[in-house]
Amino acid sequence: MATVPLGFNIDAPRWDQGTFVGRLKHFLNITDPRTALVSEEELDRAKALVEGCRAGLVPPGSSQEQLLYAKKLYDSAFHPDSGEKMNLIGRMSFQVPGGMALTGCMLQFYRTVPAVVFWQWVNQSFNAIVNYTNRNAASPISLRQIGVAYITATGTALATAVGLNLYTKRAPPLLARWVPFAAVAAANCVNIPMMRQQEIINGVTVTDEDNNELGCSRRAAVKGIAQVVVSRITMAAPGMIILPIIMERLEKFPFMQRIRVLHGPLQVLLCGGFLLFMVPTACALFPQRCSLALADLEPELRDSIVAKHGDKVPYVYFNKGL
């Protein structure tokens with residue numbers, strides 16, 4: 001084994017995570033949908049290389065580019081808290097292929113109640129997997145809580161979608177096309193907090209700037225989850241708001257009326273175009289290593305930190321999830 005190149009820290013961000021542009025470059029890198037096609041064996045080799053690099057040893061001849069690519073694969077497939085390999089469907093690198101198919105179908109099949117019910121159910125099942133996979137892994141959740149979260153979020157989405165679908169029967173066609181987005185937004189406001197309820201109940205682990213654990217904070221959990229909800233709605237918004245306008249106008253052309261069978265595939269492809277940019281953009285809205293001022297913590301935790309560290313810890317840090 002060879003030693004790590006002098007001055008190279010594989011865990012140091014390649015781009016400044018304190019800026020939106022830096023976070024965007026970071027998430028463009030790790031949400032690259034091509035990494036979803038990488039074999040399990042290659043992912044395991046990437047993890048071994050990253051862990052070896054952390055220990056100060058790498059295979060002879062390893063270049064910095066190879067180490068950075070291994071870290072890209074590692075970040076795309078392994079949980080930042082536990083280091084465990086995430087299931088494929090829940091990875092952010094699968095958001096483009098998975099999301100484009102589901103969003104395209106929701107936007108295409110919005111006219112009948114059975115179609116609305118089916119595609120909203122499929123979408124919420126997908127979202128439940130994504131939310132569970134990208135939770136703060138330091139806060140375990142029981143199967144019963146997962147089931148309650150899933151049923152509640154799915155029920156919210158279906159109630160919103162079916163209710164608005166019936167309400168907009170006599171409304172302009174464009175309003176009916178926006179019903180799927182309203183349902184998705186409403187369900188995100190329920191699904192994410194419910195799937196991560198243990199974080200709200202018990203708090204998430206907060207650390208100082210040097211990653212020394214300071215305790216658990218419920219207020220930190222609420223802040224992190226709220227930011228994730230905003231990010232997820234932002235992720236879906238452009239495709240589900242702008243694309244219906246585009247399709248509404250395109251479908252008036254004679255050539256589009258002759259190829260109705262291709263409307264669904266076309267919407268799926270266009271959704272993919274939106275998500276290719278919006279997945280990293282939405283993830284980059286807020287730092288993944290979230291911060292909270294000491295003054296905003298629960299009084300008992302704040303007093304405990306002040307008693308041990310005085311005024312040396314003005315902010316605490318935690319993983320907000322994605």
# chains A, B, ... in the order shown; residues from 1 in each chain; ligands from 1
>>> residues_around(residues="range 141-151 of chain A", least_positions_apart="5", cutoff="9 Å", atoms="only C-alpha atoms", output="list of chain:residue names")
A:Gln124, A:Ser125, A:Ala128, A:Tyr132, A:Thr156, A:Val190, A:Asn191, A:Ile192, A:Pro193, A:Met194, A:Met195, A:Arg196, A:Gln197, A:Gln198, A:Glu199
>>> residues_around(residues="Val279 in chain A", least_positions_apart="6", cutoff="9 Å", atoms="only C-alpha atoms", output="list in words")
Phe27, Leu28, Thr31, Met92, Ser93, Gln95, Val96, Ser231, Arg232, Thr234, Met235 and Ala236 of chain A
>>> write_last_selection(atoms="N, CA, C and O atoms", output="PDB file, in the first residue's frame")
ATOM      1  N   PHE A  27     -23.556  18.835  -5.617  1.00  0.00           N
ATOM      2  CA  PHE A  27     -24.699  17.952  -5.860  1.00  0.00           C
ATOM      3  C   PHE A  27     -24.833  17.572  -7.332  1.00  0.00           C
ATOM      4  O   PHE A  27     -25.374  16.512  -7.644  1.00  0.00           O
ATOM      5  N   LEU A  28     -24.356  18.417  -8.241  1.00  0.00           N
ATOM      6  CA  LEU A  28     -24.274  17.981  -9.643  1.00  0.00           C
ATOM      7  C   LEU A  28     -23.380  16.756  -9.749  1.00  0.00           C
ATOM      8  O   LEU A  28     -23.619  15.859 -10.561  1.00  0.00           O
ATOM      9  N   THR A  31     -25.296  13.633  -7.555  1.00  0.00           N
ATOM     10  CA  THR A  31     -26.618  13.200  -8.033  1.00  0.00           C
ATOM     11  C   THR A  31     -26.573  12.815  -9.506  1.00  0.00           C
ATOM     12  O   THR A  31     -27.621  12.588 -10.113  1.00  0.00           O
ATOM     13  N   MET A  92     -30.286   9.769  -4.286  1.00  0.00           N
ATOM     14  CA  MET A  92     -30.565  10.989  -5.035  1.00  0.00           C
ATOM     15  C   MET A  92     -30.129  10.852  -6.501  1.00  0.00           C
ATOM     16  O   MET A  92     -30.667  11.524  -7.374  1.00  0.00           O
ATOM     17  N   SER A  93     -29.192   9.977  -6.771  1.00  0.00           N
ATOM     18  CA  SER A  93     -28.761   9.765  -8.160  1.00  0.00           C
ATOM     19  C   SER A  93     -29.833   9.049  -8.972  1.00  0.00           C
ATOM     20  O   SER A  93     -29.773   9.022 -10.208  1.00  0.00           O
ATOM     21  N   GLN A  95     -33.055   9.935  -8.600  1.00  0.00           N
ATOM     22  CA  GLN A  95     -34.190  10.856  -8.657  1.00  0.00           C
ATOM     23  C   GLN A  95     -34.561  11.232 -10.090  1.00  0.00           C
ATOM     24  O   GLN A  95     -35.735  11.421 -10.397  1.00  0.00           O
ATOM     25  N   VAL A  96     -33.565  11.358 -10.974  1.00  0.00           N
ATOM     26  CA  VAL A  96     -33.883  11.742 -12.356  1.00  0.00           C
ATOM     27  C   VAL A  96     -34.612  10.613 -13.086  1.00  0.00           C
ATOM     28  O   VAL A  96     -35.732  10.821 -13.572  1.00  0.00           O
ATOM     29  N   SER A 231     -37.015  22.002  -0.105  1.00  0.00           N
ATOM     30  CA  SER A 231     -36.180  21.512  -1.212  1.00  0.00           C
ATOM     31  C   SER A 231     -36.944  20.552  -2.113  1.00  0.00           C
ATOM     32  O   SER A 231     -36.864  20.639  -3.344  1.00  0.00           O
ATOM     33  N   ARG A 232     -37.703  19.636  -1.505  1.00  0.00           N
ATOM     34  CA  ARG A 232     -38.423  18.640  -2.308  1.00  0.00           C
ATOM     35  C   ARG A 232     -39.520  19.284  -3.149  1.00  0.00           C
ATOM     36  O   ARG A 232     -39.755  18.890  -4.289  1.00  0.00           O
ATOM     37  N   THR A 234     -39.521  22.395  -4.181  1.00  0.00           N
ATOM     38  CA  THR A 234     -38.799  23.150  -5.210  1.00  0.00           C
ATOM     39  C   THR A 234     -38.324  22.231  -6.327  1.00  0.00           C
ATOM     40  O   THR A 234     -38.353  22.608  -7.506  1.00  0.00           O
ATOM     41  N   MET A 235     -37.905  21.034  -5.963  1.00  0.00           N
ATOM     42  CA  MET A 235     -37.425  20.062  -6.939  1.00  0.00           C
ATOM     43  C   MET A 235     -38.510  19.718  -7.961  1.00  0.00           C
ATOM     44  O   MET A 235     -38.254  19.612  -9.167  1.00  0.00           O
ATOM     45  N   ALA A 236     -39.732  19.584  -7.489  1.00  0.00           N
ATOM     46  CA  ALA A 236     -40.829  19.175  -8.362  1.00  0.00           C
ATOM     47  C   ALA A 236     -41.484  20.340  -9.086  1.00  0.00           C
ATOM     48  O   ALA A 236     -42.077  20.155 -10.161  1.00  0.00           O
TER      49      ALA A 236
END
>>> select_by_dssp(residues="range 77-147 of chain A", states="alpha helix (DSSP H)", output="PyMOL selection string")
chain A and resi 77+95-108+113-133+143-147
>>> write_last_selection(atoms="N, CA and C atoms", output="compact mmCIF listing (two decimals), in the first residue's frame")
# COMPACT_ATOMS: atom_id res chain seq x y z
N ALA A 77 -23.85 6.77 -3.09
CA ALA A 77 -24.48 5.48 -2.76
C ALA A 77 -24.47 5.10 -1.29
N GLN A 95 -33.06 9.93 -8.60
CA GLN A 95 -34.19 10.86 -8.66
C GLN A 95 -34.56 11.23 -10.09
N VAL A 96 -33.57 11.36 -10.97
CA VAL A 96 -33.88 11.74 -12.36
C VAL A 96 -34.61 10.61 -13.09
N PRO A 97 -34.05 9.40 -13.17
CA PRO A 97 -34.80 8.35 -13.88
C PRO A 97 -36.10 7.96 -13.20
N GLY A 98 -36.09 7.86 -11.87
CA GLY A 98 -37.31 7.49 -11.16
C GLY A 98 -38.34 8.60 -11.17
N GLY A 99 -37.88 9.81 -10.88
CA GLY A 99 -38.80 10.95 -10.82
C GLY A 99 -39.38 11.32 -12.17
N MET A 100 -38.58 11.20 -13.23
CA MET A 100 -39.09 11.59 -14.55
C MET A 100 -40.22 10.65 -15.00
N ALA A 101 -40.08 9.37 -14.70
CA ALA A 101 -41.11 8.41 -15.08
C ALA A 101 -42.41 8.67 -14.32
N LEU A 102 -42.30 8.86 -13.01
CA LEU A 102 -43.49 9.06 -12.20
C LEU A 102 -44.14 10.42 -12.46
N THR A 103 -43.34 11.46 -12.55
CA THR A 103 -43.90 12.79 -12.80
C THR A 103 -44.56 12.86 -14.16
N GLY A 104 -43.90 12.29 -15.16
CA GLY A 104 -44.48 12.28 -16.51
C GLY A 104 -45.82 11.56 -16.53
N CYS A 105 -45.91 10.45 -15.83
CA CYS A 105 -47.17 9.71 -15.81
C CYS A 105 -48.25 10.45 -15.03
N MET A 106 -47.88 11.11 -13.94
CA MET A 106 -48.88 11.88 -13.18
C MET A 106 -49.43 13.03 -14.02
N LEU A 107 -48.54 13.66 -14.80
CA LEU A 107 -48.98 14.79 -15.62
C LEU A 107 -49.78 14.34 -16.84
N GLN A 108 -49.51 13.13 -17.31
CA GLN A 108 -50.22 12.63 -18.48
C GLN A 108 -51.58 12.05 -18.11
N VAL A 113 -60.34 9.71 -12.17
CA VAL A 113 -60.05 9.46 -10.76
C VAL A 113 -59.22 8.18 -10.56
N PRO A 114 -59.54 7.04 -11.23
CA PRO A 114 -58.71 5.85 -11.04
C PRO A 114 -57.24 6.08 -11.41
N ALA A 115 -57.00 6.81 -12.50
CA ALA A 115 -55.63 7.09 -12.91
C ALA A 115 -54.92 7.96 -11.88
N VAL A 116 -55.63 8.97 -11.38
CA VAL A 116 -55.06 9.86 -10.36
C VAL A 116 -54.70 9.07 -9.11
N VAL A 117 -55.61 8.21 -8.66
CA VAL A 117 -55.37 7.41 -7.47
C VAL A 117 -54.16 6.50 -7.66
N PHE A 118 -54.09 5.82 -8.79
CA PHE A 118 -52.99 4.87 -9.01
C PHE A 118 -51.64 5.57 -9.03
N TRP A 119 -51.51 6.65 -9.82
CA TRP A 119 -50.19 7.28 -9.97
C TRP A 119 -49.78 8.06 -8.72
N GLN A 120 -50.73 8.60 -7.98
CA GLN A 120 -50.37 9.24 -6.72
C GLN A 120 -49.92 8.20 -5.70
N TRP A 121 -50.55 7.04 -5.71
CA TRP A 121 -50.13 5.97 -4.80
C TRP A 121 -48.71 5.51 -5.14
N VAL A 122 -48.43 5.31 -6.43
CA VAL A 122 -47.09 4.88 -6.83
C VAL A 122 -46.07 5.94 -6.45
N ASN A 123 -46.41 7.21 -6.69
CA ASN A 123 -45.48 8.29 -6.39
C ASN A 123 -45.20 8.39 -4.90
N GLN A 124 -46.21 8.27 -4.06
CA GLN A 124 -45.99 8.34 -2.62
C GLN A 124 -45.22 7.14 -2.09
N SER A 125 -45.38 5.99 -2.73
CA SER A 125 -44.57 4.83 -2.36
C SER A 125 -43.10 5.10 -2.66
N PHE A 126 -42.86 5.69 -3.82
CA PHE A 126 -41.49 6.07 -4.20
C PHE A 126 -40.94 7.10 -3.22
N ASN A 127 -41.75 8.12 -2.90
CA ASN A 127 -41.29 9.17 -1.98
C ASN A 127 -41.00 8.62 -0.59
N ALA A 128 -41.80 7.67 -0.14
CA ALA A 128 -41.58 7.10 1.18
C ALA A 128 -40.22 6.41 1.24
N ILE A 129 -39.87 5.70 0.18
CA ILE A 129 -38.56 5.04 0.13
C ILE A 129 -37.44 6.08 0.14
N VAL A 130 -37.60 7.14 -0.66
CA VAL A 130 -36.58 8.19 -0.72
C VAL A 130 -36.42 8.89 0.63
N ASN A 131 -37.54 9.22 1.26
CA ASN A 131 -37.49 9.92 2.55
C ASN A 131 -36.87 9.05 3.63
N TYR A 132 -37.21 7.77 3.65
CA TYR A 132 -36.62 6.88 4.65
C TYR A 132 -35.12 6.71 4.40
N THR A 133 -34.75 6.56 3.16
CA THR A 133 -33.34 6.34 2.81
C THR A 133 -32.48 7.54 3.18
N LEU A 143 -40.98 0.02 12.28
CA LEU A 143 -41.81 -0.36 11.13
C LEU A 143 -43.23 0.20 11.28
N ARG A 144 -43.73 0.25 12.51
CA ARG A 144 -45.07 0.81 12.73
C ARG A 144 -45.10 2.29 12.35
N GLN A 145 -44.08 3.03 12.73
CA GLN A 145 -44.03 4.45 12.40
C GLN A 145 -43.88 4.66 10.90
N ILE A 146 -43.12 3.79 10.25
CA ILE A 146 -42.97 3.88 8.80
C ILE A 146 -44.33 3.66 8.14
N GLY A 147 -45.06 2.65 8.63
CA GLY A 147 -46.38 2.35 8.06
C GLY A 147 -47.36 3.50 8.24
>>> closest_residue(among="A:Pro314, A:Gly239, A:Pro80, A:Gly321", to="Asn134 in chain A", atoms="only C-alpha atoms")
A:Gly321
>>> closest_residue(among="A:Asn188, A:Ser62, A:Asn29, A:Ser76", to="Pro280 in chain A", atoms="only C-alpha atoms")
A:Asn29
>>> residues_around(residues="His263 in chain A", least_positions_apart="2", cutoff="12 Å", atoms="only C-alpha atoms", output="CSV table (one decimal) with all heavy atoms, in the first residue's frame")
chain,number,residue,atom,x,y,z
A,104,GLY,N,-43.9,12.3,-15.2
A,104,GLY,CA,-44.5,12.3,-16.5
A,104,GLY,C,-45.8,11.6,-16.5
A,104,GLY,O,-46.8,12.0,-17.2
A,105,CYS,N,-45.9,10.4,-15.8
A,105,CYS,CA,-47.2,9.7,-15.8
A,105,CYS,C,-48.3,10.5,-15.0
A,105,CYS,O,-49.4,10.4,-15.4
A,105,CYS,CB,-46.9,8.3,-15.2
A,105,CYS,SG,-46.0,7.2,-16.3
A,107,LEU,N,-48.5,13.7,-14.8
A,107,LEU,CA,-49.0,14.8,-15.6
A,107,LEU,C,-49.8,14.3,-16.8
A,107,LEU,O,-50.6,15.1,-17.3
A,107,LEU,CB,-47.8,15.6,-16.1
A,107,LEU,CG,-47.0,16.4,-15.0
A,107,LEU,CD1,-45.8,17.1,-15.6
A,107,LEU,CD2,-47.9,17.3,-14.3
A,108,GLN,N,-49.5,13.1,-17.3
A,108,GLN,CA,-50.2,12.6,-18.5
A,108,GLN,C,-51.6,12.1,-18.1
A,108,GLN,O,-52.6,12.3,-18.8
A,108,GLN,CB,-49.4,11.6,-19.2
A,108,GLN,CG,-50.0,10.9,-20.4
A,108,GLN,CD,-50.3,11.9,-21.5
A,108,GLN,OE1,-49.6,12.9,-21.6
A,108,GLN,NE2,-51.2,11.5,-22.4
A,109,PHE,N,-51.6,11.3,-17.0
A,109,PHE,CA,-52.9,10.6,-16.7
A,109,PHE,C,-53.5,11.3,-15.5
A,109,PHE,O,-53.5,10.8,-14.3
A,109,PHE,CB,-52.6,9.1,-16.3
A,109,PHE,CG,-51.9,8.4,-17.4
A,109,PHE,CD1,-50.5,8.1,-17.3
A,109,PHE,CD2,-52.5,8.1,-18.6
A,109,PHE,CE1,-49.9,7.4,-18.3
A,109,PHE,CE2,-51.9,7.4,-19.7
A,109,PHE,CZ,-50.6,7.1,-19.5
A,243,LEU,N,-44.3,22.5,-17.3
A,243,LEU,CA,-44.6,21.5,-18.3
A,243,LEU,C,-46.0,21.5,-18.7
A,243,LEU,O,-46.3,21.3,-19.9
A,243,LEU,CB,-44.0,20.2,-17.9
A,243,LEU,CG,-44.1,19.0,-18.9
A,243,LEU,CD1,-43.4,19.5,-20.2
A,243,LEU,CD2,-43.5,17.8,-18.4
A,244,PRO,N,-47.0,21.5,-17.8
A,244,PRO,CA,-48.4,21.6,-18.2
A,244,PRO,C,-48.7,22.7,-19.1
A,244,PRO,O,-49.5,22.6,-20.0
A,244,PRO,CB,-49.1,21.7,-16.9
A,244,PRO,CG,-48.3,21.0,-15.9
A,244,PRO,CD,-46.9,21.4,-16.3
A,246,ILE,N,-46.6,24.1,-21.3
A,246,ILE,CA,-46.0,23.7,-22.5
A,246,ILE,C,-46.9,22.7,-23.3
A,246,ILE,O,-47.2,22.9,-24.5
A,246,ILE,CB,-44.6,23.1,-22.3
A,246,ILE,CG1,-43.7,24.2,-21.8
A,246,ILE,CG2,-44.0,22.6,-23.6
A,246,ILE,CD1,-42.3,23.7,-21.4
A,247,MET,N,-47.3,21.7,-22.6
A,247,MET,CA,-48.2,20.7,-23.2
A,247,MET,C,-49.5,21.2,-23.6
A,247,MET,O,-50.1,20.8,-24.7
A,247,MET,CB,-48.3,19.5,-22.2
A,247,MET,CG,-47.1,18.7,-22.0
A,247,MET,SD,-46.3,18.0,-23.5
A,247,MET,CE,-47.6,16.9,-24.0
A,248,GLU,N,-50.1,22.1,-22.8
A,248,GLU,CA,-51.4,22.7,-23.1
A,248,GLU,C,-51.3,23.4,-24.5
A,248,GLU,O,-52.2,23.3,-25.3
A,248,GLU,CB,-51.8,23.7,-22.0
A,248,GLU,CG,-53.1,24.3,-22.2
A,248,GLU,CD,-54.3,23.4,-22.0
A,248,GLU,OE1,-54.1,22.3,-21.4
A,248,GLU,OE2,-55.4,23.8,-22.3
A,250,LEU,N,-48.8,22.9,-26.9
A,250,LEU,CA,-48.4,22.0,-27.9
A,250,LEU,C,-49.5,21.1,-28.4
A,250,LEU,O,-49.6,20.9,-29.7
A,250,LEU,CB,-47.3,21.0,-27.4
A,250,LEU,CG,-45.9,21.6,-27.3
A,250,LEU,CD1,-44.9,20.6,-26.7
A,250,LEU,CD2,-45.3,22.1,-28.6
A,251,GLU,N,-50.4,20.7,-27.5
A,251,GLU,CA,-51.5,19.8,-27.9
A,251,GLU,C,-52.5,20.5,-28.9
A,251,GLU,O,-53.4,19.8,-29.4
A,251,GLU,CB,-52.2,19.3,-26.7
A,251,GLU,CG,-51.3,18.2,-26.0
A,251,GLU,CD,-52.0,17.7,-24.7
A,251,GLU,OE1,-53.1,18.1,-24.4
A,251,GLU,OE2,-51.3,16.9,-24.0
A,255,PHE,N,-50.2,18.4,-35.6
A,255,PHE,CA,-49.2,17.3,-35.6
A,255,PHE,C,-49.2,16.6,-34.2
A,255,PHE,O,-49.0,15.4,-34.1
A,255,PHE,CB,-47.8,17.7,-36.0
A,255,PHE,CG,-47.1,18.4,-34.9
A,255,PHE,CD1,-46.2,17.7,-34.1
A,255,PHE,CD2,-47.2,19.8,-34.7
A,255,PHE,CE1,-45.5,18.3,-33.1
A,255,PHE,CE2,-46.5,20.4,-33.7
A,255,PHE,CZ,-45.6,19.7,-32.9
A,256,MET,N,-49.5,17.4,-33.2
A,256,MET,CA,-49.5,16.8,-31.8
A,256,MET,C,-50.8,15.9,-31.6
A,256,MET,O,-50.8,14.9,-30.9
A,256,MET,CB,-49.4,17.9,-30.8
A,256,MET,CG,-48.0,18.4,-30.6
A,256,MET,SD,-46.9,17.2,-29.8
A,256,MET,CE,-47.5,17.1,-28.2
A,257,GLN,N,-51.9,16.4,-32.3
A,257,GLN,CA,-53.1,15.6,-32.2
A,257,GLN,C,-53.1,14.3,-32.9
A,257,GLN,O,-53.8,13.4,-32.6
A,257,GLN,CB,-54.3,16.5,-32.7
A,257,GLN,CG,-54.5,17.7,-31.8
A,257,GLN,CD,-55.5,18.7,-32.4
A,257,GLN,OE1,-56.2,18.3,-33.4
A,257,GLN,NE2,-55.7,19.9,-31.8
A,258,ARG,N,-52.1,14.2,-33.9
A,258,ARG,CA,-52.0,13.0,-34.6
A,258,ARG,C,-51.1,12.0,-33.9
A,258,ARG,O,-51.1,10.8,-34.3
A,258,ARG,CB,-51.4,13.3,-36.0
A,258,ARG,CG,-52.4,14.0,-37.0
A,258,ARG,CD,-51.9,14.0,-38.4
A,258,ARG,NE,-50.6,14.7,-38.6
A,258,ARG,CZ,-50.5,15.9,-38.9
A,258,ARG,NH1,-51.5,16.7,-39.1
A,258,ARG,NH2,-49.3,16.5,-39.0
A,259,ILE,N,-50.3,12.4,-32.9
A,259,ILE,CA,-49.4,11.5,-32.3
A,259,ILE,C,-49.7,11.4,-30.8
A,259,ILE,O,-48.8,11.5,-29.9
A,259,ILE,CB,-47.9,11.9,-32.5
A,259,ILE,CG1,-47.7,13.4,-32.0
A,259,ILE,CG2,-47.5,11.8,-33.9
A,259,ILE,CD1,-46.2,13.8,-32.0
A,260,ARG,N,-51.0,11.3,-30.4
A,260,ARG,CA,-51.4,11.3,-29.0
A,260,ARG,C,-50.7,10.2,-28.2
A,260,ARG,O,-50.5,10.3,-27.0
A,260,ARG,CB,-52.9,11.2,-28.9
A,260,ARG,CG,-53.7,12.4,-29.4
A,260,ARG,CD,-55.2,12.3,-29.1
A,260,ARG,NE,-55.9,13.5,-29.5
A,260,ARG,CZ,-56.0,14.6,-28.8
A,260,ARG,NH1,-55.5,14.6,-27.6
A,260,ARG,NH2,-56.7,15.6,-29.2
A,261,VAL,N,-50.4,9.1,-28.9
A,261,VAL,CA,-49.8,8.0,-28.2
A,261,VAL,C,-48.4,8.3,-27.7
A,261,VAL,O,-47.9,7.7,-26.8
A,261,VAL,CB,-49.7,6.7,-29.1
A,261,VAL,CG1,-48.7,7.0,-30.3
A,261,VAL,CG2,-49.4,5.5,-28.4
A,265,PRO,N,-44.7,9.5,-23.4
A,265,PRO,CA,-43.2,9.4,-23.5
A,265,PRO,C,-42.6,10.8,-23.6
A,265,PRO,O,-41.5,11.1,-23.0
A,265,PRO,CB,-43.0,8.6,-24.7
A,265,PRO,CG,-44.2,7.7,-24.9
A,265,PRO,CD,-45.3,8.6,-24.4
A,266,LEU,N,-43.3,11.7,-24.3
A,266,LEU,CA,-42.7,13.1,-24.5
A,266,LEU,C,-42.7,13.8,-23.1
A,266,LEU,O,-41.7,14.5,-22.8
A,266,LEU,CB,-43.6,13.9,-25.5
A,266,LEU,CG,-43.2,15.4,-25.6
A,266,LEU,CD1,-41.8,15.5,-26.2
A,266,LEU,CD2,-44.2,16.1,-26.6
A,267,GLN,N,-43.8,13.7,-22.3
A,267,GLN,CA,-43.8,14.3,-21.0
A,267,GLN,C,-42.7,13.7,-20.1
A,267,GLN,O,-42.1,14.4,-19.3
A,267,GLN,CB,-45.2,14.2,-20.4
A,267,GLN,CG,-46.2,15.0,-21.1
A,267,GLN,CD,-47.3,15.5,-20.1
A,267,GLN,OE1,-47.1,16.4,-19.4
A,267,GLN,NE2,-48.5,14.9,-20.2
A,268,VAL,N,-42.5,12.4,-20.2
A,268,VAL,CA,-41.5,11.7,-19.4
A,268,VAL,C,-40.1,12.3,-19.7
A,268,VAL,O,-39.3,12.7,-18.8
A,268,VAL,CB,-41.5,10.2,-19.6
A,268,VAL,CG1,-40.3,9.6,-18.9
A,268,VAL,CG2,-42.8,9.6,-19.0
A,269,LEU,N,-39.8,12.4,-21.0
A,269,LEU,CA,-38.5,13.0,-21.4
A,269,LEU,C,-38.4,14.4,-20.9
A,269,LEU,O,-37.3,14.8,-20.5
A,269,LEU,CB,-38.4,12.9,-22.9
A,269,LEU,CG,-38.2,11.5,-23.5
A,269,LEU,CD1,-38.2,11.5,-25.0
A,269,LEU,CD2,-36.9,10.9,-22.9
A,270,LEU,N,-39.4,15.2,-21.1
A,270,LEU,CA,-39.3,16.6,-20.7
A,270,LEU,C,-39.2,16.8,-19.2
A,270,LEU,O,-38.4,17.6,-18.7
A,270,LEU,CB,-40.6,17.4,-21.2
A,270,LEU,CG,-40.7,17.6,-22.7
A,270,LEU,CD1,-42.0,18.2,-23.1
A,270,LEU,CD2,-39.5,18.5,-23.2
>>> atom_distance(atom1="CA of Ala36 in chain A", atom2="CA of Ala157 in chain A")
27.7 Å
>>> select_by_dssp(residues="range 84-273 of chain A", states="strand (DSSP E)", output="number ranges by chain")
A: 204-207, 213-217
>>> closest_residue(among="A:Pro172, A:Gly163, A:Pro60, A:Gly224", to="Pro287 in chain A", atoms="only C-alpha atoms")
A:Gly224
>>> atom_distance(atom1="CA of Gly56 in chain A", atom2="CA of Arg91 in chain A")
28.2 Å
